[in-house]
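With mmCIF, C-alpha atoms and all ligand atoms inside, this is input_36.cif:
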```cif
data_query
loop_
_atom_site.group_PDB
_atom_site.id
_atom_site.type_symbol
_atom_site.label_atom_id
_atom_site.label_comp_id
_atom_site.auth_asym_id
_atom_site.auth_seq_id
_atom_site.Cartn_x
_atom_site.Cartn_y
_atom_site.Cartn_z
ATOM 1 C CA MET A 1070 304.439 152.251 215.951
ATOM 2 C CA GLU A 1071 302.094 155.195 216.387
ATOM 3 C CA PRO A 1072 301.920 156.699 219.870
ATOM 4 C CA GLN A 1073 299.159 155.111 221.937
ATOM 5 C CA LEU A 1074 299.053 157.598 224.797
ATOM 6 C CA PRO A 1075 297.784 161.161 224.562
ATOM 7 C CA LEU A 1076 300.634 163.654 224.308
ATOM 8 C CA PHE A 1077 298.611 166.175 226.253
ATOM 9 C CA SER A 1078 295.182 166.198 227.779
ATOM 10 C CA ASP A 1079 292.521 168.884 227.492
ATOM 11 C CA PRO A 1080 291.960 169.872 231.173
ATOM 12 C CA ALA A 1081 288.201 169.810 230.612
ATOM 13 C CA SER A 1082 288.219 166.344 229.077
ATOM 14 C CA GLN A 1083 286.124 163.658 230.740
ATOM 15 C CA HIS A 1084 287.599 160.161 230.880
ATOM 16 C CA ILE A 1085 284.756 157.692 230.896
ATOM 17 C CA SER A 1086 285.713 154.161 231.756
ATOM 18 C CA LEU A 1087 283.048 151.715 230.601
ATOM 19 C CA LYS A 1088 283.078 147.989 231.097
ATOM 20 C CA ASP A 1089 285.278 146.689 228.236
ATOM 21 C CA GLY A 1090 285.889 150.067 226.619
ATOM 22 C CA GLU A 1091 286.984 153.647 227.022
ATOM 23 C CA LEU A 1092 285.673 157.064 226.027
ATOM 24 C CA VAL A 1093 287.177 160.525 226.347
ATOM 25 C CA TYR A 1094 284.766 163.434 225.903
ATOM 26 C CA CYS A 1095 285.999 167.012 225.433
ATOM 27 C CA PRO A 1096 282.815 169.136 225.306
ATOM 28 C CA GLN A 1097 284.550 172.351 224.230
ATOM 29 C CA PHE A 1098 287.507 171.050 222.293
ATOM 30 C CA PHE A 1099 287.054 173.793 219.689
ATOM 31 C CA THR A 1100 286.146 177.395 220.515
ATOM 32 C CA LEU A 1101 282.723 178.592 219.370
ATOM 33 C CA GLN A 1102 284.373 180.645 216.603
ATOM 34 C CA GLU A 1103 286.380 177.655 215.355
ATOM 35 C CA ALA A 1104 283.359 175.366 215.465
ATOM 36 C CA ASP A 1105 281.139 177.899 213.603
ATOM 37 C CA HIS A 1106 283.869 178.388 211.004
ATOM 38 C CA TYR A 1107 284.387 174.653 210.407
ATOM 39 C CA MET A 1108 280.627 174.030 210.192
ATOM 40 C CA GLN A 1109 280.234 176.722 207.518
ATOM 41 C CA GLN A 1110 283.297 175.567 205.584
ATOM 42 C CA LEU A 1111 282.382 171.886 205.609
ATOM 43 C CA LEU A 1112 278.794 172.535 204.513
ATOM 44 C CA THR A 1113 280.101 174.205 201.348
ATOM 45 C CA THR A 1114 283.462 172.574 200.548
ATOM 46 C CA ILE A 1115 282.718 168.886 201.159
ATOM 47 C CA HIS A 1116 281.483 166.755 198.306
ATOM 48 C CA TRP A 1117 278.399 165.341 200.075
ATOM 49 C CA ARG A 1118 276.684 162.277 198.635
ATOM 50 C CA GLN A 1119 273.689 160.232 199.493
ATOM 51 C CA GLU A 1120 274.963 156.666 199.651
ATOM 52 C CA GLY A 1121 272.909 153.543 199.968
ATOM 53 C CA MET A 1122 273.138 149.791 200.295
ATOM 54 C CA LYS A 1123 271.365 146.669 199.053
ATOM 55 C CA MET A 1124 268.951 145.262 201.596
ATOM 56 C CA TYR A 1125 266.735 142.264 200.767
ATOM 57 C CA GLY A 1126 267.413 142.892 197.065
ATOM 58 C CA LYS A 1127 266.395 146.572 197.246
ATOM 59 C CA HIS A 1128 268.601 149.647 197.107
ATOM 60 C CA VAL A 1129 268.008 151.562 200.346
ATOM 61 C CA LEU A 1130 269.360 155.083 200.894
ATOM 62 C CA PHE A 1131 271.144 155.871 204.164
ATOM 63 C CA PRO A 1132 269.185 158.540 206.092
ATOM 64 C CA ARG A 1133 272.032 161.096 206.020
ATOM 65 C CA LEU A 1134 274.668 162.447 203.622
ATOM 66 C CA MET A 1135 278.193 161.054 203.665
ATOM 67 C CA ALA A 1136 281.699 161.800 202.435
ATOM 68 C CA TRP A 1137 285.053 160.113 202.742
ATOM 69 C CA TYR A 1138 288.415 161.918 202.737
ATOM 70 C CA GLY A 1139 291.961 160.821 203.479
ATOM 71 C CA ASP A 1140 295.413 159.819 202.304
ATOM 72 C CA ALA A 1141 295.508 158.198 198.881
ATOM 73 C CA GLY A 1142 295.304 154.428 199.337
ATOM 74 C CA SER A 1143 293.225 154.365 202.502
ATOM 75 C CA SER A 1144 290.224 152.661 200.855
ATOM 76 C CA TYR A 1145 287.525 151.423 203.151
ATOM 77 C CA ALA A 1146 284.961 148.661 202.729
ATOM 78 C CA PHE A 1147 281.655 149.406 204.419
ATOM 79 C CA SER A 1148 278.166 147.885 203.969
ATOM 80 C CA GLY A 1149 279.269 145.916 200.918
ATOM 81 C CA LYS A 1150 280.953 148.793 199.041
ATOM 82 C CA THR A 1151 284.496 150.080 198.817
ATOM 83 C CA TYR A 1152 284.922 153.808 199.334
ATOM 84 C CA THR A 1153 287.989 155.548 197.939
ATOM 85 C CA PRO A 1154 288.847 158.765 199.767
ATOM 86 C CA GLU A 1155 288.984 162.207 198.219
ATOM 87 C CA ALA A 1156 292.090 164.291 198.952
ATOM 88 C CA TRP A 1157 292.205 166.189 202.282
ATOM 89 C CA THR A 1158 290.842 169.738 202.168
ATOM 90 C CA PRO A 1159 292.696 172.477 204.145
ATOM 91 C CA GLU A 1160 289.996 172.521 206.865
ATOM 92 C CA LEU A 1161 290.007 168.747 207.277
ATOM 93 C CA LEU A 1162 293.805 168.754 207.614
ATOM 94 C CA GLU A 1163 293.583 171.527 210.201
ATOM 95 C CA ILE A 1164 290.972 169.640 212.240
ATOM 96 C CA LYS A 1165 292.981 166.410 211.972
ATOM 97 C CA ASP A 1166 296.184 168.113 213.123
ATOM 98 C CA SER A 1167 294.451 169.677 216.111
ATOM 99 C CA ILE A 1168 292.976 166.393 217.409
ATOM 100 C CA ILE A 1169 295.990 164.108 216.886
ATOM 101 C CA PRO A 1170 297.765 165.215 220.119
ATOM 102 C CA GLU A 1171 294.666 164.494 222.245
ATOM 103 C CA ALA A 1172 293.840 161.205 220.497
ATOM 104 C CA GLY A 1173 297.425 159.942 220.190
ATOM 105 C CA ALA A 1174 296.754 158.268 216.829
ATOM 106 C CA ASN A 1175 298.056 159.281 213.435
ATOM 107 C CA PHE A 1176 294.784 159.369 211.478
ATOM 108 C CA ASN A 1177 294.919 158.804 207.716
ATOM 109 C CA SER A 1178 291.227 159.133 206.866
ATOM 110 C CA VAL A 1179 287.919 160.628 207.927
ATOM 111 C CA LEU A 1180 284.314 159.605 207.358
ATOM 112 C CA LEU A 1181 281.915 162.555 207.392
ATOM 113 C CA ASN A 1182 278.209 162.220 208.118
ATOM 114 C CA ARG A 1183 275.743 165.057 207.681
ATOM 115 C CA TYR A 1184 272.440 164.805 209.532
ATOM 116 C CA ARG A 1185 270.239 167.305 207.708
ATOM 117 C CA HIS A 1186 267.503 167.318 210.395
ATOM 118 C CA GLY A 1187 266.205 165.173 213.253
ATOM 119 C CA LYS A 1188 264.951 162.484 210.883
ATOM 120 C CA ASP A 1189 268.481 161.722 209.703
ATOM 121 C CA SER A 1190 270.170 159.073 211.839
ATOM 122 C CA MET A 1191 272.641 156.216 212.111
ATOM 123 C CA GLY A 1192 271.572 152.796 213.382
ATOM 124 C CA TRP A 1193 273.277 150.471 215.865
ATOM 125 C CA HIS A 1194 276.724 149.357 214.727
ATOM 126 C CA ALA A 1195 280.322 148.959 215.864
ATOM 127 C CA ASP A 1196 283.262 150.333 213.920
ATOM 128 C CA ASP A 1197 284.880 146.923 213.782
ATOM 129 C CA GLU A 1198 285.877 146.548 210.126
ATOM 130 C CA PRO A 1199 289.166 144.619 209.812
ATOM 131 C CA GLU A 1200 290.930 147.606 208.140
ATOM 132 C CA LEU A 1201 290.661 149.482 211.450
ATOM 133 C CA GLY A 1202 292.855 147.011 213.328
ATOM 134 C CA VAL A 1203 292.207 145.285 216.642
ATOM 135 C CA ASN A 1204 291.528 148.093 219.135
ATOM 136 C CA PRO A 1205 291.020 151.183 216.989
ATOM 137 C CA VAL A 1206 291.220 154.746 218.271
ATOM 138 C CA ILE A 1207 288.374 156.649 216.596
ATOM 139 C CA ALA A 1208 288.072 160.394 217.113
ATOM 140 C CA SER A 1209 284.675 161.932 216.500
ATOM 141 C CA VAL A 1210 284.273 165.696 215.969
ATOM 142 C CA ASN A 1211 280.818 167.233 216.337
ATOM 143 C CA LEU A 1212 279.541 170.393 214.692
ATOM 144 C CA GLY A 1213 276.085 171.952 214.543
ATOM 145 C CA ALA A 1214 272.987 170.609 216.259
ATOM 146 C CA THR A 1215 273.436 168.621 219.483
ATOM 147 C CA ARG A 1216 272.443 164.979 218.976
ATOM 148 C CA ARG A 1217 272.193 162.051 221.353
ATOM 149 C CA PHE A 1218 274.895 159.392 221.000
ATOM 150 C CA MET A 1219 273.850 156.073 222.534
ATOM 151 C CA LEU A 1220 275.974 153.057 223.385
ATOM 152 C CA ARG A 1221 274.937 149.528 224.363
ATOM 153 C CA HIS A 1222 277.041 146.618 225.577
ATOM 154 C CA VAL A 1223 276.248 143.820 223.138
ATOM 155 C CA LYS A 1224 276.522 140.937 225.629
ATOM 156 C CA GLU A 1225 275.411 142.472 228.907
ATOM 157 C CA GLY A 1226 272.969 145.139 227.844
ATOM 158 C CA HIS A 1227 274.554 148.067 229.746
ATOM 159 C CA ARG A 1228 273.697 151.436 228.226
ATOM 160 C CA PHE A 1229 275.444 154.778 228.154
ATOM 161 C CA GLU A 1230 274.612 158.019 226.395
ATOM 162 C CA LEU A 1231 276.038 161.449 225.714
ATOM 163 C CA GLU A 1232 274.689 164.624 224.138
ATOM 164 C CA LEU A 1233 277.345 165.511 221.576
ATOM 165 C CA GLN A 1234 277.539 169.288 221.339
ATOM 166 C CA HIS A 1235 278.862 171.794 218.793
ATOM 167 C CA GLY A 1236 282.667 171.910 218.893
ATOM 168 C CA SER A 1237 283.113 168.738 220.949
ATOM 169 C CA LEU A 1238 285.483 165.819 220.503
ATOM 170 C CA LEU A 1239 284.692 162.237 221.521
ATOM 171 C CA ILE A 1240 287.400 159.586 221.441
ATOM 172 C CA MET A 1241 286.458 155.904 221.378
ATOM 173 C CA LYS A 1242 289.242 153.472 222.236
ATOM 174 C CA GLY A 1243 290.392 150.337 223.993
ATOM 175 C CA THR A 1244 288.229 147.285 223.386
ATOM 176 C CA LEU A 1245 285.050 149.394 222.969
ATOM 177 C CA GLN A 1246 284.306 148.354 219.369
ATOM 178 C CA HIS A 1247 284.404 144.642 220.315
ATOM 179 C CA TYR A 1248 281.836 144.887 223.092
ATOM 180 C CA TRP A 1249 279.735 147.969 222.408
ATOM 181 C CA GLN A 1250 277.587 149.262 219.589
ATOM 182 C CA HIS A 1251 276.610 152.894 219.117
ATOM 183 C CA GLN A 1252 273.901 154.834 217.315
ATOM 184 C CA VAL A 1253 272.534 158.324 216.661
ATOM 185 C CA PRO A 1254 268.735 157.884 216.813
ATOM 186 C CA LYS A 1255 266.148 159.945 215.000
ATOM 187 C CA THR A 1256 264.567 162.697 217.097
ATOM 188 C CA THR A 1257 261.677 165.126 216.857
ATOM 189 C CA GLN A 1258 263.459 167.549 219.240
ATOM 190 C CA VAL A 1259 266.124 168.688 216.780
ATOM 191 C CA SER A 1260 265.575 170.419 213.481
ATOM 192 C CA GLY A 1261 269.031 171.875 212.727
ATOM 193 C CA GLU A 1262 271.852 170.302 210.752
ATOM 194 C CA ARG A 1263 274.724 168.417 212.314
ATOM 195 C CA ILE A 1264 278.042 167.274 210.877
ATOM 196 C CA ASN A 1265 280.036 164.475 212.480
ATOM 197 C CA LEU A 1266 283.575 163.567 211.465
ATOM 198 C CA THR A 1267 285.095 160.240 212.530
ATOM 199 C CA PHE A 1268 288.860 160.175 212.080
ATOM 200 C CA ARG A 1269 290.293 156.700 211.640
ATOM 201 C CA VAL A 1270 293.542 154.866 210.990
ATOM 202 C CA ILE A 1271 293.096 152.546 208.033
ATOM 203 C CA GLN A 1272 295.701 149.797 207.955
ATOM 204 C CA TYR A 1273 296.964 148.754 204.573
ATOM 205 C CA THR A 1274 297.202 145.008 204.556
ATOM 206 C CA ARG A 1275 296.419 144.263 200.921
HETATM 207 O O1 LIG A 1301 277.389 160.787 214.087
HETATM 208 C C1 LIG A 1301 277.934 160.226 215.042
HETATM 209 O O2 LIG A 1301 278.094 160.767 216.126
HETATM 210 C C2 LIG A 1301 278.391 158.795 214.909
HETATM 211 C C3 LIG A 1301 279.052 158.463 213.619
HETATM 212 C C4 LIG A 1301 279.502 157.042 213.574
HETATM 213 O O3 LIG A 1301 279.201 156.258 214.421
HETATM 214 C C5 LIG A 1301 280.337 156.567 212.467
HETATM 215 O O4 LIG A 1301 280.649 157.349 211.553
HETATM 216 O O5 LIG A 1301 280.709 155.395 212.480
HETATM 217 FE FE FE A 1302 280.393 154.457 214.302
#
```
Spell out the structure here as structure tokens.
Amino acid sequence: MEPQLPLFSDPASQHISLKDGELVYCPQFFTLQEADHYMQQLLTTIHWRQEGMKMYGKHVLFPRLMAWYGDAGSSYAFSGKTYTPEAWTPELLEIKDSIIPEAGANFNSVLLNRYRHGKDSMGWHADDEPELGVNPVIASVNLGATRRFMLRHVKEGHRFELELQHGSLLIMKGTLQHYWQHQVPKTTQVSGERINLTFRVIQYTR
């Protein structure tokens, strides 16, 4: 079994206990120099693609760029397509190794999303695909422009939101993905680019 408890805790981390779910937010998990360095590296070394999906018989592009990296074999089905990961880059491995102690999960893949400007976004969803297991630990690293991350309780309508800043780490865990959805809405207040990395444990069952 992978460890389920953090091995150490960032003293500045905020434990946020929601109804039916848990968040840990570390606003300055990376130093400014580290965060600037990773932003620059990922903009140039990642193989960014514009993916899309079929909706009402039409091919619709997602309003952001995406990339998928990880251990060989950690394929992931998402919006009707199966994504096969590219091999870890040195920077992605470094970021993964630095967040594993805080998150307490042995991540084998990462989904990267690049929001080119305020009009790029991600709609309401939960990360509840069966490959992620029952109560997944998902660690989200934020680089570049600050964007608003919104959560809503699906049954009871509670809301929560955070401004995810450059160099921060947000961990989603517990039963959160069963009861809450999250989104990154479009905004006219932000023009800069943002990269988000969500580290995940993909379970191989097939
Ligand atoms: O960009 C973000 O902060 C959220 C990304 C996300 O929800 C996802 O990749 O599933
Ligand atoms: Fe998500």
Proximity check range 1105-1137 of chain A to range 1209-1222 of chain A, 9 Å, nearest pairs one decimal Å, all atoms listed in the file, as a Markdown table:
```
| residue | atom | partner | partner_atom | distance |
| --- | --- | --- | --- | --- |
| A:Asp1105 | CA | A:Leu1212 | CA | 7.8 |
| A:Tyr1107 | CA | A:Leu1212 | CA | 7.7 |
| A:Met1108 | CA | A:Leu1212 | CA | 5.9 |
```
Give the residue list for ligand FE 1302 (chain A) at 8 Å, counting all atoms listed in the file, as a JSON list (two decimals) with C-alpha atoms, in the frame of the given file, sorted by chain and then by residue number.
```json
[["chain", "number", "residue", "atom", "x", "y", "z"],
["A", 1194, "HIS", "CA", 276.72, 149.36, 214.73],
["A", 1195, "ALA", "CA", 280.32, 148.96, 215.86],
["A", 1196, "ASP", "CA", 283.26, 150.33, 213.92],
["A", 1250, "GLN", "CA", 277.59, 149.26, 219.59],
["A", 1251, "HIS", "CA", 276.61, 152.89, 219.12],
["A", 1252, "GLN", "CA", 273.90, 154.83, 217.32],
["A", 1267, "THR", "CA", 285.10, 160.24, 212.53]]
```
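The shell of residues at most 9 Å from Met1191 in chain A, with all atoms listed in the file counted and near chain neighbours (fewer than 6 positions) removed, consists of A:Phe1131, A:Pro1132, A:Arg1133, A:Tyr1184, A:His1251, A:Gln1252, A:Val1253, A:Pro1254, A:Lys1255.
Look at Asn1177 in chain A: the protein and nucleic acid residues within 8 Å of it, using all atoms listed in the file and passing over chain neighbours fewer than 2 places away, are Gly1139, Asp1140, Ser1143, Asn1175, Val1179, Phe1268, Arg1269, Val1270 and Ile1271 of chain A.
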Exercise. May I have the residues at most 9 Å from (292.5, 163.5, 201.7) in the file's coordinates, counting only C-alpha atoms, as a VMD selection string?
Key: chain A and resid 1137 to 1141 1154 to 1158 1161 to 1162 1177 to 1179
Would you put the residues from that selection into a file with C-alpha atoms, as a PDB file, in the frame of the given file?
```
ATOM      1  CA  TRP A1137     285.053 160.113 202.742  1.00  0.00           C
ATOM      2  CA  TYR A1138     288.415 161.918 202.737  1.00  0.00           C
ATOM      3  CA  GLY A1139     291.961 160.821 203.479  1.00  0.00           C
ATOM      4  CA  ASP A1140     295.413 159.819 202.304  1.00  0.00           C
ATOM      5  CA  ALA A1141     295.508 158.198 198.881  1.00  0.00           C
ATOM      6  CA  PRO A1154     288.847 158.765 199.767  1.00  0.00           C
ATOM      7  CA  GLU A1155     288.984 162.207 198.219  1.00  0.00           C
ATOM      8  CA  ALA A1156     292.090 164.291 198.952  1.00  0.00           C
ATOM      9  CA  TRP A1157     292.205 166.189 202.282  1.00  0.00           C
ATOM     10  CA  THR A1158     290.842 169.738 202.168  1.00  0.00           C
ATOM     11  CA  LEU A1161     290.007 168.747 207.277  1.00  0.00           C
ATOM     12  CA  LEU A1162     293.805 168.754 207.614  1.00  0.00           C
ATOM     13  CA  ASN A1177     294.919 158.804 207.716  1.00  0.00           C
ATOM     14  CA  SER A1178     291.227 159.133 206.866  1.00  0.00           C
ATOM     15  CA  VAL A1179     287.919 160.628 207.927  1.00  0.00           C
TER      16      VAL A1179
END
```
Would you give me, as JSON lines, each residue of range 1141-1247 of chain A having an atom within 6 Å of an atom of range 1087-1095 of chain A, along with its shortest atom pair and that distance in Å to one decimal, using all atoms listed in the file and sorting by chain and residue number?
```
{"residue": "A:Ser1237", "atom": "CA", "partner": "A:Cys1095", "partner_atom": "CA", "distance": 5.6}
{"residue": "A:Leu1238", "atom": "CA", "partner": "A:Cys1095", "partner_atom": "CA", "distance": 5.1}
{"residue": "A:Leu1239", "atom": "CA", "partner": "A:Tyr1094", "partner_atom": "CA", "distance": 4.5}
{"residue": "A:Ile1240", "atom": "CA", "partner": "A:Val1093", "partner_atom": "CA", "distance": 5.0}
{"residue": "A:Met1241", "atom": "CA", "partner": "A:Leu1092", "partner_atom": "CA", "distance": 4.9}
{"residue": "A:Lys1242", "atom": "CA", "partner": "A:Glu1091", "partner_atom": "CA", "distance": 5.3}
{"residue": "A:Gly1243", "atom": "CA", "partner": "A:Gly1090", "partner_atom": "CA", "distance": 5.2}
{"residue": "A:Thr1244", "atom": "CA", "partner": "A:Gly1090", "partner_atom": "CA", "distance": 4.9}
{"residue": "A:Leu1245", "atom": "CA", "partner": "A:Gly1090", "partner_atom": "CA", "distance": 3.8}
```
Can I get the selection written as an mmCIF file, in the coordinates of the input, with C-alpha atoms?
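Saved file part_24.cif follows:
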```cif
data_model
loop_
_atom_site.group_PDB
_atom_site.id
_atom_site.type_symbol
_atom_site.label_atom_id
_atom_site.label_comp_id
_atom_site.auth_asym_id
_atom_site.auth_seq_id
_atom_site.Cartn_x
_atom_site.Cartn_y
_atom_site.Cartn_z
ATOM 1 C CA SER A 1237 283.113 168.738 220.949
ATOM 2 C CA LEU A 1238 285.483 165.819 220.503
ATOM 3 C CA LEU A 1239 284.692 162.237 221.521
ATOM 4 C CA ILE A 1240 287.400 159.586 221.441
ATOM 5 C CA MET A 1241 286.458 155.904 221.378
ATOM 6 C CA LYS A 1242 289.242 153.472 222.236
ATOM 7 C CA GLY A 1243 290.392 150.337 223.993
ATOM 8 C CA THR A 1244 288.229 147.285 223.386
ATOM 9 C CA LEU A 1245 285.050 149.394 222.969
#
```
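Restricting the calculation to all atoms listed in the file, the smallest distance between Leu1134 in chain A and any of A:Asp1166, A:Glu1103, A:Glu1200, A:Asp1189 is found for A:Asp1189.
Note that the spacing between CA of Leu1101 in chain A and CA of Gln1234 in chain A amounts to 10.8 Å.
Using all atoms listed in the file, the smallest distance between any of A:Lys1224, A:Arg1185, A:Lys1165, A:Lys1123 and Val1259 in chain A comes from A:Arg1185.
Among the candidates A:Tyr1152, A:Phe1147, A:Tyr1248, A:Tyr1273, the one nearest to ligand LIG 1301 (chain A) when counting only C-alpha atoms and all ligand atoms is A:Phe1147.
Take CA of Phe1229 in chain A and CA of Met1135 in chain A: the distance between them is 25.4 Å.
When all atoms listed in the file are used to measure the gap to ligand LIG 1301 (chain A), the shortest distance among A:Lys1188, A:His1227, A:Arg1183, A:His1247 belongs to A:Arg1183.
Closest to ligand LIG 1301 (chain A) among A:Ile1164, A:Ala1136, A:Val1203, A:Ala1174 is A:Ala1136, based on all atoms listed in the file.
Of the listed residues A:Ile1264, A:Ala1104, A:Ile1207, A:Leu1233, the one whose atoms come nearest to Gln1246 in chain A is A:Ile1207, with distances taken using only C-alpha atoms.
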